[in-house]
Structure formats: structure tokens, C-alpha cells
Amino acid sequence: MKVLVSGSSGLIGTELLKQLKAAGHQPIRLVRRTPKSDNEFQWSPQKGKIPEGIMEEVDAVVNLNGATTSRIPWTPGYVKKLISSRLLSTRLLVEAINAAKTPPKVFVSGSAEGYYGNGGDKVLTEESPLGKGFMAELTNDWEQAAKKANIRTVLIRTTLAMSKNAIALKLIKLMISLLFVKSLGNGKQWWAWITVEDHARAIVHLIENPNAQGPYNLVAPEPATCEQIFSALGKELKRPNLIRIPAWAMRLTAGSAADQILLTSHRMSAEKLLATGFEFNHPTLSQAASYTVR
């Protein structure tokens, strides 16, 4: 299949291009800069510009566009970027899909764990209700924009993407290596996670599965708390986990992002994804920690 990908230069997008090729598909990239190859096409979500007829040339569309939430603290200007980078790109892609005479067969659009708000210790399935807070509202608006596409639509609720190249994981490993950090806050909050490799493989799997539709938690089957993730990484790094960074210090340094993504709790279920027959390469936290550190 020819698969059109937006946001392909990011961590997940880069791995997705690799996994699409490995599965025998042809990735086509939407880029903001001047194209450098035949498989790149220039677009501008801010200006509402996308190559005419592009949707009639592809079989699937994957929308990974969106400014990273890992850049903290969130200034008022960056909050606007978090919103616009997600909504403008999604709306433009949906408009192009719906205007095509022969549209692609499937639209896979980005979403996030933020949809659930702070879930505490509750197991969060795709049927769990919308949460409260900025990230919940933004993620819901993001999903609602994607659901307007008149083709099979899959919403991928992303979680902590574990990789040696991930900004968040680099910071966590640095805190463990230099400060022997044990957790952020009390460490009891659930951090949903998945390796970048499995994340990209899951997207390819959902594209290929004609019955896949609606939201999917892209999360590994082994749940873990913040403290457990720090402990698993500390073991791989051969560093002790001794110090808890208190919640007040996180709020002081990370601002609103502390409560929205670092101290909040997401105990997400992988059952819906597993039911499609997807098999994880890194189903356990110890495997993911080794993958992240190596």
C-alpha cells in the first residue's frame, strides 16, 4: 500500500517509515520544507495548503502531526502551538480525504492518553469516559476532528514512547544517572508505556486490519507505575534509585505540564489491541528498559 504520513520526522514517524518499508508498504511523506525526493510532498496546515489530488494516490493516511508535550514548561505561546499543530493538520487532512473522488481506505489519526484525564488506579479501556483538564479537552477536540473523515478511521491513543532517542526518556535516564532519582512525586501514578518499535508496528497492524476502527490504546500489556519505570531503567543503567522529586518541585519547574502529563495517572488496558491479534516485541517492562538503554 501507499501510505501518506504526516509528522514523519518525529520519533514515532521515523520508526513508522522503517516499519512500513519492512512490511512491504510504500511510505509517502508530507513535509513543510521543500521536498528532497519523489516520495515527499510539501504542505502547510497553517495556510491550509495540501497537494491537490494527493488523497487519490494513496491507500492509507497516518496523521502524527503535533508539537511534542515533552517540551516543558508550557508557555502560553507553546500551549497555542500544542493546540494548533494538532487541530489544523487534522482538519486539513480530513477535508482532503472527504473531497477525494477515490479516497484512501483508512485514516489513522493521532490521539493521546490525555483523553482520560487523571484516571487514578482505574483500569482505562477505550470505553472509559472523557476525563477533565486541558489535555483531555484538547485530545477530545483532536479525535472529534478526525472522526469527520468519511472512511474507516482509527484513533491511536499514544502513551510514553520508550526509546533511547526519546526526549522524555533521555531526561529520565539523566535524572537516574546523575541524581539517582527514584520517582516524580510519590511514584504511585500509573505511567502507560510502549516501545517506539511496538508503537510503529501497531500502527502498521491497524492499517492492515480492515476491522480495526475507533480508538485504540497504544500501550504495552504490562502496567507500571512511575516508580517501577524508574526502577527498571535504574537496573539497566546500574544506578541506584534513591531520591523522590516532590510534586511541588515538579510543579515549580514544569508548570502546568507537571499535573497534565507527569503526575497524572493512566492505567491503560491493551486488551482491545491484543484482541486484534497484535503481538508485542517488548511486552514486559524489563524488555522495554533494556531496549531503551541499549
# chains A, B, ... in the order shown; residues from 1 in each chain; ligands from 1

$ closest_atom_pairs --of "region 190-275 of chain A" --to "region 126-139 of chain A" --cutoff "8 Å" --atoms "only C-alpha atoms" --output "JSON lines"
{"residue": "A:Pro215", "atom": "CA", "partner": "A:Glu126", "partner_atom": "CA", "distance": 6.1}
{"residue": "A:Tyr216", "atom": "CA", "partner": "A:Glu126", "partner_atom": "CA", "distance": 6.4}
{"residue": "A:Asn217", "atom": "CA", "partner": "A:Glu126", "partner_atom": "CA", "distance": 6.7}
{"residue": "A:Gln260", "atom": "CA", "partner": "A:Met135", "partner_atom": "CA", "distance": 6.6}
{"residue": "A:Lys272", "atom": "CA", "partner": "A:Glu126", "partner_atom": "CA", "distance": 7.8}

$ write_last_selection --atoms "all heavy atoms" --output "short mmCIF file (atom, residue, chain, number, x, y, z; two decimals), in the first residue's frame"
data_model
loop_
_atom_site.label_atom_id
_atom_site.label_comp_id
_atom_site.auth_asym_id
_atom_site.auth_seq_id
_atom_site.Cartn_x
_atom_site.Cartn_y
_atom_site.Cartn_z
N PRO A 215 -11.12 4.18 18.62
CA PRO A 215 -9.93 4.39 19.45
C PRO A 215 -9.25 3.10 19.86
O PRO A 215 -9.89 2.08 20.10
CB PRO A 215 -10.49 5.12 20.67
CG PRO A 215 -11.91 4.65 20.76
CD PRO A 215 -12.37 4.47 19.35
N TYR A 216 -7.91 3.15 19.93
CA TYR A 216 -7.10 2.05 20.44
C TYR A 216 -6.05 2.61 21.37
O TYR A 216 -5.36 3.57 21.03
CB TYR A 216 -6.39 1.30 19.29
CG TYR A 216 -7.29 0.34 18.54
CD1 TYR A 216 -8.10 0.81 17.51
CD2 TYR A 216 -7.33 -1.01 18.87
CE1 TYR A 216 -8.94 -0.06 16.82
CE2 TYR A 216 -8.17 -1.88 18.19
CZ TYR A 216 -8.97 -1.41 17.17
OH TYR A 216 -9.80 -2.27 16.49
N ASN A 217 -5.94 2.01 22.56
CA ASN A 217 -4.84 2.36 23.46
C ASN A 217 -3.56 1.73 22.93
O ASN A 217 -3.46 0.51 22.85
CB ASN A 217 -5.11 1.82 24.87
CG ASN A 217 -6.24 2.53 25.57
OD1 ASN A 217 -6.61 3.64 25.22
ND2 ASN A 217 -6.79 1.89 26.59
N GLN A 260 -0.48 17.73 34.18
CA GLN A 260 -1.13 17.23 32.96
C GLN A 260 -0.50 15.94 32.43
O GLN A 260 -1.20 15.08 31.90
CB GLN A 260 -1.09 18.30 31.87
CG GLN A 260 -1.97 19.50 32.15
CD GLN A 260 -3.45 19.15 32.14
OE1 GLN A 260 -3.92 18.35 31.34
NE2 GLN A 260 -4.21 19.77 33.03
N LYS A 272 -7.93 -4.33 23.87
CA LYS A 272 -8.54 -4.14 22.55
C LYS A 272 -7.51 -4.36 21.44
O LYS A 272 -7.81 -4.99 20.41
CB LYS A 272 -9.16 -2.75 22.44
CG LYS A 272 -9.93 -2.54 21.13
CD LYS A 272 -10.58 -1.18 21.07
CE LYS A 272 -11.30 -1.00 19.73
NZ LYS A 272 -11.93 0.36 19.61
#

$ select_by_dssp --residues "region 72-283 of chain A" --states "alpha helix (DSSP H)" --output "PyMOL selection string"
chain A and resi 76-99+134-146+167-179+196-208+226-237+247-254+256-257+271-275

$ residues_around --residues "region 65-68 of chain A" --least-positions-apart "6" --cutoff "7 Å" --atoms "only C-alpha atoms" --output "MDAnalysis selection string"
chainID A and resid 6:7 81:82 85:86 89

$ residues_around --residues "Ile28 (chain A)" --least-positions-apart "4" --cutoff "8 Å" --atoms "only C-alpha atoms" --output "PyMOL selection string"
chain A and resi 2-5+39-41

$ write_last_selection --atoms "all heavy atoms" --output "compact mmCIF listing (two decimals), in the first residue's frame"
# COMPACT_ATOMS: atom_id res chain seq x y z
N LYS A 2 0.35 2.30 -0.59
CA LYS A 2 0.96 3.61 -0.47
C LYS A 2 0.35 4.28 0.76
O LYS A 2 -0.86 4.43 0.86
CB LYS A 2 0.70 4.46 -1.72
CG LYS A 2 1.49 4.03 -2.95
CD LYS A 2 1.27 5.01 -4.08
CE LYS A 2 2.11 4.63 -5.30
NZ LYS A 2 1.92 5.60 -6.42
N VAL A 3 1.21 4.68 1.70
CA VAL A 3 0.75 5.24 2.96
C VAL A 3 1.27 6.67 3.13
O VAL A 3 2.48 6.88 3.19
CB VAL A 3 1.20 4.37 4.15
CG1 VAL A 3 0.65 4.93 5.46
CG2 VAL A 3 0.77 2.92 3.96
N LEU A 4 0.36 7.62 3.18
CA LEU A 4 0.72 9.03 3.36
C LEU A 4 0.90 9.31 4.84
O LEU A 4 0.01 9.01 5.64
CB LEU A 4 -0.39 9.92 2.78
CG LEU A 4 -0.14 11.43 2.76
CD1 LEU A 4 0.99 11.77 1.80
CD2 LEU A 4 -1.41 12.17 2.38
N VAL A 5 2.04 9.87 5.22
CA VAL A 5 2.36 10.09 6.64
C VAL A 5 2.66 11.56 6.89
O VAL A 5 3.55 12.14 6.25
CB VAL A 5 3.57 9.24 7.08
CG1 VAL A 5 3.82 9.42 8.57
CG2 VAL A 5 3.34 7.77 6.75
N ASN A 39 9.22 10.84 -2.98
CA ASN A 39 8.20 10.38 -2.04
C ASN A 39 7.85 11.45 -0.99
O ASN A 39 7.24 11.14 0.02
CB ASN A 39 8.67 9.09 -1.34
CG ASN A 39 9.79 9.34 -0.35
OD1 ASN A 39 10.57 10.28 -0.52
ND2 ASN A 39 9.89 8.50 0.67
N GLU A 40 8.23 12.69 -1.26
CA GLU A 40 7.91 13.81 -0.37
C GLU A 40 7.04 14.83 -1.09
O GLU A 40 7.28 15.15 -2.26
CB GLU A 40 9.18 14.48 0.14
CG GLU A 40 10.03 13.60 1.04
CD GLU A 40 11.23 14.31 1.61
OE1 GLU A 40 11.56 15.43 1.13
OE2 GLU A 40 11.86 13.77 2.54
N PHE A 41 6.04 15.35 -0.36
CA PHE A 41 5.15 16.37 -0.90
C PHE A 41 4.99 17.48 0.14
O PHE A 41 4.79 17.21 1.32
CB PHE A 41 3.79 15.77 -1.23
CG PHE A 41 3.83 14.78 -2.38
CD1 PHE A 41 4.15 13.44 -2.14
CD2 PHE A 41 3.59 15.19 -3.67
CE1 PHE A 41 4.21 12.53 -3.17
CE2 PHE A 41 3.65 14.28 -4.72
CZ PHE A 41 3.96 12.95 -4.48

$ residues_around --residues "region 152-162 of chain A" --least-positions-apart "2" --cutoff "9 Å" --atoms "only C-alpha atoms" --output "PyMOL selection string"
chain A and resi 11-12+105-115+126+139+143+146-150+164-166+168-169+191-197+199+203+206-207+210-219+266+288-289+291-292

$ residues_around --residues "region 221-228 of chain A" --least-positions-apart "3" --cutoff "6 Å" --atoms "only C-alpha atoms" --output "PyMOL selection string"
chain A and resi 183+187-191+231+270+283-284

$ closest_residue --among "A:Leu178, A:Val61, A:Ala200, A:Ile261" --to "Thr14 (chain A)" --atoms "only C-alpha atoms"
A:Ala200

$ residues_around --residues "Gly119 (chain A)" --least-positions-apart "2" --cutoff "7 Å" --atoms "only C-alpha atoms" --output "list in words"
Tyr116, Gly117, Asp121, Lys122, Ser265 and His266 of chain A

$ write_last_selection --atoms "all heavy atoms" --output "mmCIF file, in the first residue's frame"
data_model
loop_
_atom_site.group_PDB
_atom_site.id
_atom_site.type_symbol
_atom_site.label_atom_id
_atom_site.label_comp_id
_atom_site.auth_asym_id
_atom_site.auth_seq_id
_atom_site.Cartn_x
_atom_site.Cartn_y
_atom_site.Cartn_z
ATOM 1 N N TYR A 116 -8.118 10.632 28.907
ATOM 2 C CA TYR A 116 -8.742 10.102 30.122
ATOM 3 C C TYR A 116 -8.593 11.014 31.334
ATOM 4 O O TYR A 116 -9.159 10.712 32.392
ATOM 5 C CB TYR A 116 -8.132 8.737 30.450
ATOM 6 C CG TYR A 116 -8.288 7.717 29.340
ATOM 7 C CD1 TYR A 116 -7.181 7.296 28.595
ATOM 8 C CD2 TYR A 116 -9.527 7.178 29.029
ATOM 9 C CE1 TYR A 116 -7.323 6.359 27.581
ATOM 10 C CE2 TYR A 116 -9.676 6.249 28.005
ATOM 11 C CZ TYR A 116 -8.559 5.841 27.275
ATOM 12 O OH TYR A 116 -8.706 4.920 26.271
ATOM 13 N N GLY A 117 -7.818 12.101 31.193
ATOM 14 C CA GLY A 117 -7.572 12.927 32.365
ATOM 15 C C GLY A 117 -6.774 12.137 33.395
ATOM 16 O O GLY A 117 -5.974 11.280 33.034
ATOM 17 N N ASP A 121 -6.267 4.889 39.960
ATOM 18 C CA ASP A 121 -5.953 3.468 39.862
ATOM 19 C C ASP A 121 -6.920 2.700 38.962
ATOM 20 O O ASP A 121 -6.817 1.481 38.823
ATOM 21 C CB ASP A 121 -5.954 2.821 41.258
ATOM 22 C CG ASP A 121 -4.776 3.285 42.104
ATOM 23 O OD1 ASP A 121 -3.692 3.514 41.536
ATOM 24 O OD2 ASP A 121 -4.945 3.425 43.334
ATOM 25 N N LYS A 122 -7.871 3.393 38.357
ATOM 26 C CA LYS A 122 -8.848 2.723 37.491
ATOM 27 C C LYS A 122 -8.181 2.211 36.220
ATOM 28 O O LYS A 122 -7.308 2.861 35.657
ATOM 29 C CB LYS A 122 -9.967 3.700 37.107
ATOM 30 C CG LYS A 122 -10.827 4.178 38.271
ATOM 31 C CD LYS A 122 -11.887 5.146 37.784
ATOM 32 C CE LYS A 122 -12.740 5.668 38.939
ATOM 33 N NZ LYS A 122 -13.734 6.680 38.464
ATOM 34 N N SER A 265 -2.221 10.019 36.326
ATOM 35 C CA SER A 265 -2.173 8.560 36.330
ATOM 36 C C SER A 265 -3.007 7.962 35.200
ATOM 37 O O SER A 265 -4.172 8.328 35.019
ATOM 38 C CB SER A 265 -2.695 8.042 37.681
ATOM 39 O OG SER A 265 -2.551 6.645 37.790
ATOM 40 N N HIS A 266 -2.380 7.059 34.425
ATOM 41 C CA HIS A 266 -3.074 6.402 33.306
ATOM 42 C C HIS A 266 -2.774 4.905 33.346
ATOM 43 O O HIS A 266 -1.745 4.457 32.848
ATOM 44 C CB HIS A 266 -2.613 6.985 31.966
ATOM 45 C CG HIS A 266 -2.910 8.433 31.799
ATOM 46 N ND1 HIS A 266 -1.926 9.380 31.604
ATOM 47 C CD2 HIS A 266 -4.088 9.106 31.812
ATOM 48 C CE1 HIS A 266 -2.489 10.586 31.490
ATOM 49 N NE2 HIS A 266 -3.788 10.436 31.626
#
